[in-house]
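Visitor: Structure supplied as structure-v6.csv; contents: CSV, C-alpha atoms.
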chain,number,residue,atom,x,y,z
K,111,MET,CA,-4.6,-30.1,15.4
K,112,THR,CA,-8.3,-30.4,14.7
K,113,ALA,CA,-9.1,-33.5,12.7
K,114,GLY,CA,-11.2,-33.2,9.6
K,115,VAL,CA,-10.6,-29.5,8.9
K,116,GLU,CA,-11.0,-28.6,5.2
K,117,LYS,CA,-7.8,-27.2,4.0
K,118,TYR,CA,-9.0,-26.5,0.5
K,119,ILE,CA,-12.0,-24.9,-1.2
K,120,PRO,CA,-12.8,-25.6,-4.9
K,121,SER,CA,-11.9,-22.9,-7.3
K,122,GLU,CA,-14.7,-20.7,-8.5
K,123,VAL,CA,-14.4,-20.5,-12.3
K,124,GLY,CA,-15.6,-17.2,-13.7
K,125,LYS,CA,-14.7,-15.3,-10.5
K,126,ASP,CA,-11.5,-13.5,-9.5
K,127,LEU,CA,-8.3,-15.5,-9.0
K,128,ARG,CA,-7.4,-16.0,-5.4
K,129,GLN,CA,-4.2,-16.1,-3.3
K,130,GLY,CA,-3.3,-19.7,-2.6
K,131,GLU,CA,-5.2,-20.9,-5.7
K,132,ILE,CA,-3.7,-23.9,-7.4
K,133,LEU,CA,-3.7,-24.0,-11.2
K,134,SER,CA,-2.6,-26.7,-13.5
K,135,ASP,CA,-1.1,-26.7,-17.0
K,136,VAL,CA,-0.1,-23.0,-17.0
K,137,VAL,CA,2.1,-22.1,-19.9
K,138,GLN,CA,4.8,-19.5,-19.5
K,139,VAL,CA,6.3,-18.0,-22.7
K,140,ARG,CA,9.8,-16.6,-22.3
K,141,LEU,CA,12.7,-15.5,-24.4
K,142,ARG,CA,15.0,-18.4,-25.3
K,143,GLU,CA,18.4,-18.3,-23.8
K,144,GLY,CA,20.7,-16.4,-26.1
K,145,ALA,CA,17.8,-15.0,-28.2
K,146,THR,CA,18.4,-11.6,-29.8
K,147,LEU,CA,17.0,-8.8,-27.7
K,148,SER,CA,16.5,-6.3,-30.4
K,149,GLY,CA,16.6,-5.9,-34.2
K,150,PRO,CA,14.2,-6.9,-37.0
K,151,ASP,CA,14.4,-10.7,-36.6
K,152,PRO,CA,11.7,-12.5,-34.7
K,153,ARG,CA,12.4,-13.2,-31.0
K,154,GLU,CA,13.0,-16.8,-30.3
K,155,LEU,CA,10.7,-18.0,-27.5
K,156,VAL,CA,10.4,-21.0,-25.2
K,157,GLU,CA,7.0,-22.3,-24.0
K,158,VAL,CA,7.3,-23.7,-20.5
K,159,THR,CA,4.3,-25.7,-19.3
K,160,HIS,CA,4.0,-25.8,-15.5
K,161,GLU,CA,2.0,-28.7,-14.4
K,162,TRP,CA,1.2,-27.0,-11.1
K,163,VAL,CA,1.4,-23.4,-9.9
K,164,ILE,CA,0.1,-21.6,-6.9
K,165,ILE,CA,-0.9,-18.0,-6.8
K,166,VAL,CA,1.1,-15.9,-4.4
K,167,THR,CA,-0.2,-12.4,-5.1
K,168,GLN,CA,-2.0,-10.8,-2.2
K,169,ASP,CA,-5.7,-11.7,-2.1
K,170,CYS,CA,-7.1,-8.2,-1.7
K,171,ASP,CA,-5.0,-6.9,-4.6
K,172,LEU,CA,-6.5,-9.7,-6.8
K,173,GLU,CA,-10.0,-8.8,-5.7
K,174,GLN,CA,-9.5,-5.1,-6.4
K,175,ASP,CA,-7.9,-5.9,-9.8
K,176,TRP,CA,-11.0,-8.0,-10.7
K,177,ARG,CA,-13.3,-5.1,-9.8
K,178,ALA,CA,-11.1,-2.6,-11.7
K,179,ARG,CA,-11.4,-4.9,-14.8
K,180,ALA,CA,-15.2,-4.8,-14.4
K,181,GLY,CA,-15.1,-1.0,-14.2
K,182,GLN,CA,-16.3,-1.0,-10.6
K,183,THR,CA,-13.2,0.8,-9.2
K,184,GLY,CA,-10.3,2.9,-10.4
K,185,GLU,CA,-7.7,1.8,-12.9
K,186,ASP,CA,-5.0,2.4,-10.4
K,187,LYS,CA,-6.2,-0.8,-8.8
K,188,LEU,CA,-5.2,-2.9,-11.8
K,189,LEU,CA,-2.4,-5.4,-11.3
K,190,PRO,CA,-0.1,-5.7,-14.2
K,191,ASN,CA,1.2,-9.1,-13.2
K,192,VAL,CA,0.3,-12.1,-11.0
K,193,LEU,CA,3.1,-13.8,-9.0
K,194,LEU,CA,3.0,-17.6,-9.3
K,195,GLY,CA,4.9,-20.1,-7.3
K,196,ILE,CA,6.0,-23.2,-9.1
K,197,ALA,CA,4.8,-26.5,-7.5
K,198,GLN,CA,5.6,-30.1,-8.3
K,199,GLU,CA,4.0,-33.4,-7.5
K,200,ALA,CA,5.7,-34.6,-4.3
K,201,GLY,CA,6.3,-38.0,-5.8
K,202,LYS,CA,8.5,-36.5,-8.5
K,203,VAL,CA,10.7,-34.4,-6.2
K,204,GLN,CA,14.2,-35.7,-6.0
K,205,VAL,CA,15.1,-35.9,-2.3
K,206,PRO,CA,18.5,-36.8,-0.9
K,207,GLY,CA,17.2,-38.9,2.0
K,208,LYS,CA,14.4,-39.7,4.4
K,209,ASP,CA,15.4,-37.1,6.9
K,210,ALA,CA,15.3,-34.3,4.3
K,211,TRP,CA,11.9,-35.6,3.1
K,212,LYS,CA,10.5,-35.7,6.6
K,213,ARG,CA,11.7,-32.1,7.3
K,214,LEU,CA,10.1,-31.0,4.1
K,215,GLN,CA,6.9,-32.9,4.6
K,216,GLN,CA,6.4,-31.4,8.0
K,217,ASN,CA,7.1,-27.9,6.6
K,218,LYS,CA,10.2,-27.5,8.7
K,219,ASP,CA,12.4,-26.6,5.7
K,220,GLU,CA,11.9,-22.9,5.2
K,221,ARG,CA,12.5,-23.1,1.4
K,222,TYR,CA,9.6,-25.5,0.7
K,223,GLN,CA,5.9,-25.8,1.3
K,224,PHE,CA,4.3,-29.2,1.4
K,225,LEU,CA,0.7,-29.4,0.5
K,226,GLU,CA,-1.4,-32.4,1.2
K,227,ARG,CA,-3.5,-34.1,-1.5
K,228,ILE,CA,-6.8,-32.5,-2.5
K,229,PRO,CA,-9.7,-34.9,-2.6
K,230,PRO,CA,-11.8,-34.9,-5.8
K,231,ARG,CA,-14.8,-33.2,-4.1
K,232,LEU,CA,-12.6,-30.1,-3.3
K,233,ASP,CA,-11.1,-29.9,-6.8
K,234,ALA,CA,-13.1,-27.8,-9.3
K,235,LEU,CA,-12.4,-30.5,-11.9
K,236,GLY,CA,-13.4,-33.3,-9.6
K,237,GLN,CA,-10.2,-35.2,-10.3
K,238,GLY,CA,-8.3,-34.5,-7.1
K,239,VAL,CA,-4.8,-33.1,-6.9
K,240,PRO,CA,-1.7,-35.1,-5.7
K,241,GLU,CA,0.5,-34.0,-2.8
K,242,LEU,CA,2.5,-31.0,-4.0
K,243,VAL,CA,5.8,-29.3,-3.0
K,244,VAL,CA,6.2,-25.6,-3.6
K,245,ASP,CA,9.8,-24.3,-3.9
K,246,PHE,CA,9.9,-20.7,-2.7
K,247,LYS,CA,12.9,-20.0,-4.9
K,248,GLN,CA,11.0,-20.9,-8.0
K,249,TYR,CA,8.4,-18.4,-9.1
K,250,PHE,CA,7.5,-16.3,-12.1
K,251,THR,CA,4.9,-13.8,-13.1
K,252,LEU,CA,2.3,-13.7,-15.9
K,253,PRO,CA,0.5,-10.6,-17.1
K,254,THR,CA,-2.8,-10.6,-15.3
K,255,ASP,CA,-4.9,-10.3,-18.4
K,256,GLU,CA,-2.9,-13.1,-20.0
K,257,LEU,CA,-3.5,-15.4,-17.0
K,258,TYR,CA,-7.3,-14.7,-17.1
K,259,ARG,CA,-7.2,-15.6,-20.8
K,260,ARG,CA,-5.2,-18.7,-20.1
K,261,VAL,CA,-7.5,-20.0,-17.4
K,262,LYS,CA,-10.4,-19.6,-19.8
K,263,GLU,CA,-8.8,-21.5,-22.6
K,264,GLN,CA,-6.2,-23.9,-21.5
K,265,ALA,CA,-4.9,-23.7,-17.9
K,266,LYS,CA,-7.2,-25.1,-15.2
K,267,ARG,CA,-8.4,-23.6,-11.9
K,268,ARG,CA,-8.4,-26.4,-9.4
K,269,SER,CA,-8.7,-25.4,-5.7
K,270,ARG,CA,-7.5,-22.9,-3.2
K,271,LEU,CA,-6.1,-23.0,0.3
K,272,SER,CA,-8.6,-22.1,3.0
K,273,ASN,CA,-8.2,-19.6,5.9
K,274,GLU,CA,-5.3,-20.6,8.3
K,275,TYR,CA,-3.7,-22.8,5.6
K,276,LEU,CA,-3.5,-19.8,3.2
K,277,ALA,CA,-2.1,-17.6,6.0
K,278,HIS,CA,0.5,-20.3,6.8
K,279,PHE,CA,1.5,-20.5,3.2
K,280,ALA,CA,1.6,-16.7,2.6
K,281,SER,CA,3.5,-16.2,5.9
K,282,ARG,CA,6.1,-18.8,5.1
K,283,PHE,CA,6.6,-17.4,1.5
K,284,SER,CA,7.1,-13.9,2.7
K,285,TYR,CA,9.4,-15.0,5.5
K,286,PHE,CA,11.6,-16.8,3.0
K,287,GLN,CA,11.7,-13.8,0.8
K,288,SER,CA,12.6,-11.4,3.6
K,289,ARG,CA,15.3,-13.5,5.3
K,290,VAL,CA,18.4,-11.6,6.1
K,291,ALA,CA,21.6,-12.5,4.3
K,292,LEU,CA,24.5,-12.7,6.8
K,293,PRO,CA,28.2,-12.5,5.8
K,294,ASP,CA,29.0,-15.4,8.1
K,295,GLU,CA,27.1,-17.7,10.4
K,296,HIS,CA,27.4,-17.4,14.2
K,297,ALA,CA,30.4,-19.4,15.4
K,298,SER,CA,30.0,-22.1,18.0
K,299,GLN,CA,32.8,-22.8,20.5
T,201,MET,CA,-22.0,35.2,9.0
T,202,SER,CA,-23.4,32.4,11.1
T,203,THR,CA,-21.2,30.9,13.8
T,204,ARG,CA,-23.4,27.9,14.8
T,205,PRO,CA,-21.6,24.8,16.3
T,206,TRP,CA,-20.4,22.2,13.8
T,207,ALA,CA,-22.8,19.5,15.1
T,208,LEU,CA,-25.8,21.7,14.3
T,209,VAL,CA,-24.5,22.4,10.8
T,210,LEU,CA,-23.8,18.7,10.2
T,211,SER,CA,-27.2,17.6,11.5
T,212,GLU,CA,-28.9,20.1,9.2
T,213,LEU,CA,-26.9,18.7,6.3
T,214,GLY,CA,-27.9,15.1,7.3
T,215,SER,CA,-31.6,16.0,7.4
T,216,GLN,CA,-31.7,17.0,3.7
T,217,THR,CA,-33.1,14.6,1.2
T,218,SER,CA,-31.4,13.6,-2.0
T,219,SER,CA,-33.9,15.7,-3.9
T,220,ASP,CA,-32.9,18.7,-1.8
T,221,TRP,CA,-29.3,18.0,-2.6
T,222,THR,CA,-30.0,17.8,-6.3
T,223,LYS,CA,-31.9,21.1,-6.3
T,224,ASP,CA,-29.3,22.8,-4.2
T,225,ALA,CA,-26.6,21.4,-6.4
T,226,LEU,CA,-28.2,22.6,-9.6
T,227,GLU,CA,-28.7,26.0,-8.0
T,228,ILE,CA,-25.2,26.3,-6.8
T,229,ARG,CA,-23.9,25.0,-10.1
T,230,ARG,CA,-25.6,27.9,-11.8
T,231,ILE,CA,-23.8,30.2,-9.5
T,232,ILE,CA,-20.4,28.7,-8.9
T,233,GLY,CA,-20.1,25.6,-11.1
T,234,VAL,CA,-19.4,27.4,-14.4
T,235,ARG,CA,-15.9,28.8,-14.6
T,236,PRO,CA,-15.7,32.3,-16.0
T,237,SER,CA,-13.4,31.1,-18.7
T,238,GLN,CA,-15.6,28.2,-19.7
T,239,GLU,CA,-16.5,28.3,-23.3
T,240,THR,CA,-19.8,27.2,-25.0
T,241,GLY,CA,-19.8,23.5,-25.7
T,242,GLU,CA,-17.1,22.7,-23.2
T,243,GLU,CA,-18.0,19.7,-21.0
T,244,LEU,CA,-19.6,20.6,-17.8
T,245,GLN,CA,-18.3,19.3,-14.5
T,246,GLU,CA,-19.4,15.9,-13.2
T,247,PRO,CA,-22.5,16.1,-10.9
T,248,VAL,CA,-20.5,14.5,-8.1
T,249,SER,CA,-17.8,17.1,-8.4
T,250,THR,CA,-20.5,19.8,-8.4
T,251,VAL,CA,-22.1,18.5,-5.2
T,252,ALA,CA,-18.7,18.4,-3.6
T,253,ARG,CA,-18.0,22.0,-4.6
T,254,PHE,CA,-21.4,23.0,-3.2
T,255,LEU,CA,-20.7,21.3,0.1
T,256,CYS,CA,-17.3,23.0,0.4
T,257,HIS,CA,-18.9,26.4,-0.2
T,258,LEU,CA,-21.6,25.6,2.3
T,259,LEU,CA,-19.1,24.6,5.0
T,260,ILE,CA,-16.8,27.6,4.3
T,261,GLU,CA,-19.7,29.9,4.5
T,262,ARG,CA,-20.5,28.6,8.0
T,263,MET,CA,-16.9,28.3,9.2
T,264,PRO,CA,-16.3,30.3,12.4
T,265,ASP,CA,-13.9,33.2,11.6
T,266,ARG,CA,-11.2,31.8,13.9
T,267,GLY,CA,-10.9,28.7,11.7
T,268,LEU,CA,-10.5,30.6,8.4
T,269,PRO,CA,-6.7,31.2,8.5
T,270,GLU,CA,-6.1,27.4,9.0
T,271,LEU,CA,-8.7,26.6,6.4
T,272,CYS,CA,-7.1,28.9,3.8
T,273,GLN,CA,-3.7,27.4,4.5
T,274,SER,CA,-5.0,23.9,4.0
T,275,MET,CA,-6.9,24.8,0.9
T,276,ALA,CA,-3.8,26.4,-0.6
T,277,GLU,CA,-1.8,23.3,0.0
T,278,PHE,CA,-4.6,21.1,-1.5
T,279,PHE,CA,-4.8,23.4,-4.5
T,280,GLU,CA,-1.0,23.3,-5.0
T,281,PHE,CA,-0.9,19.5,-4.7
T,282,TYR,CA,-3.9,18.7,-7.0
T,283,SER,CA,-3.0,21.4,-9.7
T,284,GLN,CA,0.4,19.7,-10.1
T,285,ALA,CA,-0.6,16.0,-9.8
T,286,PRO,CA,-0.6,14.4,-13.3
T,287,SER,CA,-3.5,12.0,-12.6
T,288,SER,CA,-4.8,9.6,-10.0
T,289,ARG,CA,-2.7,6.9,-11.6
T,290,LEU,CA,0.7,7.3,-10.1
T,291,MET,CA,2.6,4.7,-12.2
T,292,LEU,CA,2.2,4.9,-15.9
T,293,PRO,CA,2.6,1.8,-18.0
T,294,GLY,CA,5.8,1.4,-19.8
T,295,ARG,CA,6.2,1.8,-23.6
T,296,GLN,CA,4.9,-1.0,-25.6
T,297,ASP,CA,6.4,-2.1,-29.0
T,298,ARG,CA,5.1,-5.1,-30.9
T,299,VAL,CA,7.7,-7.6,-32.0
T,300,GLN,CA,7.4,-10.9,-33.8
T,301,GLY,CA,8.2,-14.0,-31.9
T,302,VAL,CA,8.6,-17.6,-32.9
T,303,VAL,CA,8.5,-20.6,-30.5
T,304,ARG,CA,11.7,-22.7,-30.8
T,305,GLU,CA,11.3,-24.9,-27.8
T,306,VAL,CA,8.6,-26.5,-25.7
T,307,ARG,CA,9.4,-27.9,-22.3
T,308,SER,CA,8.0,-28.5,-18.9
T,309,THR,CA,9.0,-27.5,-15.3
T,310,ALA,CA,12.5,-28.8,-14.4
T,311,PRO,CA,12.3,-31.4,-11.6
T,312,PHE,CA,12.9,-30.1,-8.1
T,313,ARG,CA,16.1,-31.4,-6.5
T,314,ILE,CA,16.2,-31.0,-2.8
T,315,PRO,CA,19.8,-30.2,-1.6
T,316,GLU,CA,21.3,-32.3,1.2
T,317,ASP,CA,21.8,-29.5,3.7
I need this file expressed as structure tokens, please.

Guide:
Amino acid sequence: MTAGVEKYIPSEVGKDLRQGEILSDVVQVRLREGATLSGPDPRELVEVTHEWVIIVTQDCDLEQDWRARAGQTGEDKLLPNVLLGIAQEAGKVQVPGKDAWKRLQQNKDERYQFLERIPPRLDALGQGVPELVVDFKQYFTLPTDELYRRVKEQAKRRSRLSNEYLAHFASRFSYFQSRVALPDEHASQ
Amino acid sequence: MSTRPWALVLSELGSQTSSDWTKDALEIRRIIGVRPSQETGEELQEPVSTVARFLCHLLIERMPDRGLPELCQSMAEFFEFYSQAPSSRLMLPGRQDRVQGVVREVRSTAPFRIPED
């Protein structure tokens, strides 16, 4: 592997959201478990603050959506929602042992993506981002217009994966989602 | 009817300036751009649409006779498709109803627990 390759590019605030972009402090509002689904009473909600998320939605779809919002292309290009993968600071992840951690850290565990730390100079906030772990089983969506509002007011756009590192992340995510469920494993004699 | 090769027709089209196109479009619009049933005050067609109609008429006028049956068939299919298509937006947004909500709980992401196997 080439030494010194930049794996990240600072986020460009005021431009379109990008696939592989890391955001911090994103709030997701959802119905509280057991809340009434209909009727005149107010719906009970939960606000979940995600310290770190990474955008999974396809890059060209985000670009076309941005242009559609600016009136430069047809409304059929608008994306109603953006897919976000939940990430967590690697130091906070509870691992069962060193072997499991090593497998995860080397991106050998198909369910997780390990992301190395982002130096302050590649973080749009200039603070740097710690090592992160993305769990491909944990994701959610936010309405696109809401996410653009949130990154203006409270959530923060930090950095995005560059070139091959974005392709690696996107490829591993799609592989995990498209894996085939077998009724039973192959037996070994 | 002229039966010149396509390349000649296309090169002739390409040699026209935008000013020529506008003049031609306006002229053609006077002839074909207004539908017989169009009423006074009704919105006229978009200029882009008018130019496209003009181009189509020009091409049809110069189409060799042997291509006409196929052309008619294709145009009939296009006409059938577009006269039935609701709009360019294939997926319409779902119904929206405003409801009141109240935040009862604030929490952060649950910690990841990596399984052993």

Visitor: Mind running chain T against chain K at 6 Å and telling me each contacting residue's nearest atom pair with the distance in Å (one decimal), counting only C-alpha atoms, chain and number ascending, as a Markdown table?

Guide:
| residue | atom | partner | partner_atom | distance |
| --- | --- | --- | --- | --- |
| T:Arg289 | CA | K:Asp186 | CA | 5.2 |
| T:Gln300 | CA | K:Pro152 | CA | 4.7 |
| T:Gly301 | CA | K:Arg153 | CA | 4.4 |
| T:Val302 | CA | K:Glu154 | CA | 5.2 |
| T:Val303 | CA | K:Leu155 | CA | 4.5 |
| T:Arg304 | CA | K:Leu155 | CA | 5.8 |
| T:Glu305 | CA | K:Val156 | CA | 4.8 |
| T:Val306 | CA | K:Glu157 | CA | 4.8 |
| T:Arg307 | CA | K:Val158 | CA | 5.0 |
| T:Ser308 | CA | K:Thr159 | CA | 4.7 |
| T:Thr309 | CA | K:His160 | CA | 5.3 |
| T:Phe312 | CA | K:Val203 | CA | 5.2 |
| T:Arg313 | CA | K:Gln204 | CA | 4.7 |
| T:Ile314 | CA | K:Val205 | CA | 5.0 |
| T:Glu316 | CA | K:Pro206 | CA | 5.7 |

Visitor: Using only C-alpha atoms for the distances, tell me which of K:Asp233, K:Glu256, K:Glu143, K:Glu241 is nearest to Glu122 of chain K.

Guide: K:Asp233

Visitor: State, in Å with one decimal place, the distance from atom CA of Gln216 of chain K to atom CA of Asn273 of chain K.

Guide: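 Computing the Euclidean distance for atom CA of Gln216 of chain K and atom CA of Asn273 of chain K yields 18.9 Å.
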
Visitor: What's the separation between atom CA of Asp169 of chain K and atom CA of Thr254 of chain K, in Å to one decimal place?

Guide: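 Separation between atom CA of Asp169 of chain K and atom CA of Thr254 of chain K: 13.6 Å.
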
Visitor: Taking the point (-12.3, -8.1, -12.4) as given in the file, collect each protein or nucleic acid residue that comes within 10 Å of it, counting all atoms listed in the file, and present the set as a VMD selection string.

Guide: chain K and resid 124 to 127 172 to 183 188 255 258

Visitor: Atom CA of Leu257 of chain K and atom CA of Val192 of chain K are how many Å apart?

Guide: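 Calculated distance between atom CA of Leu257 of chain K and atom CA of Val192 of chain K is 7.8 Å.
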
Visitor: Just checking: using only C-alpha atoms, which residue out of K:Arg282, K:Ala145, K:Lys208, K:Leu242 ends up closest to Leu225 of chain K?

Guide: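 Looking at the shortest contact to Leu225 of chain K, the residue is K:Leu242.
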
Visitor: Pick out the closest residue to Leu259 of chain T from this set: T:Ala276, T:Ala310, T:Leu271, T:Val299. Count all atoms listed in the file.

Guide: T:Leu271
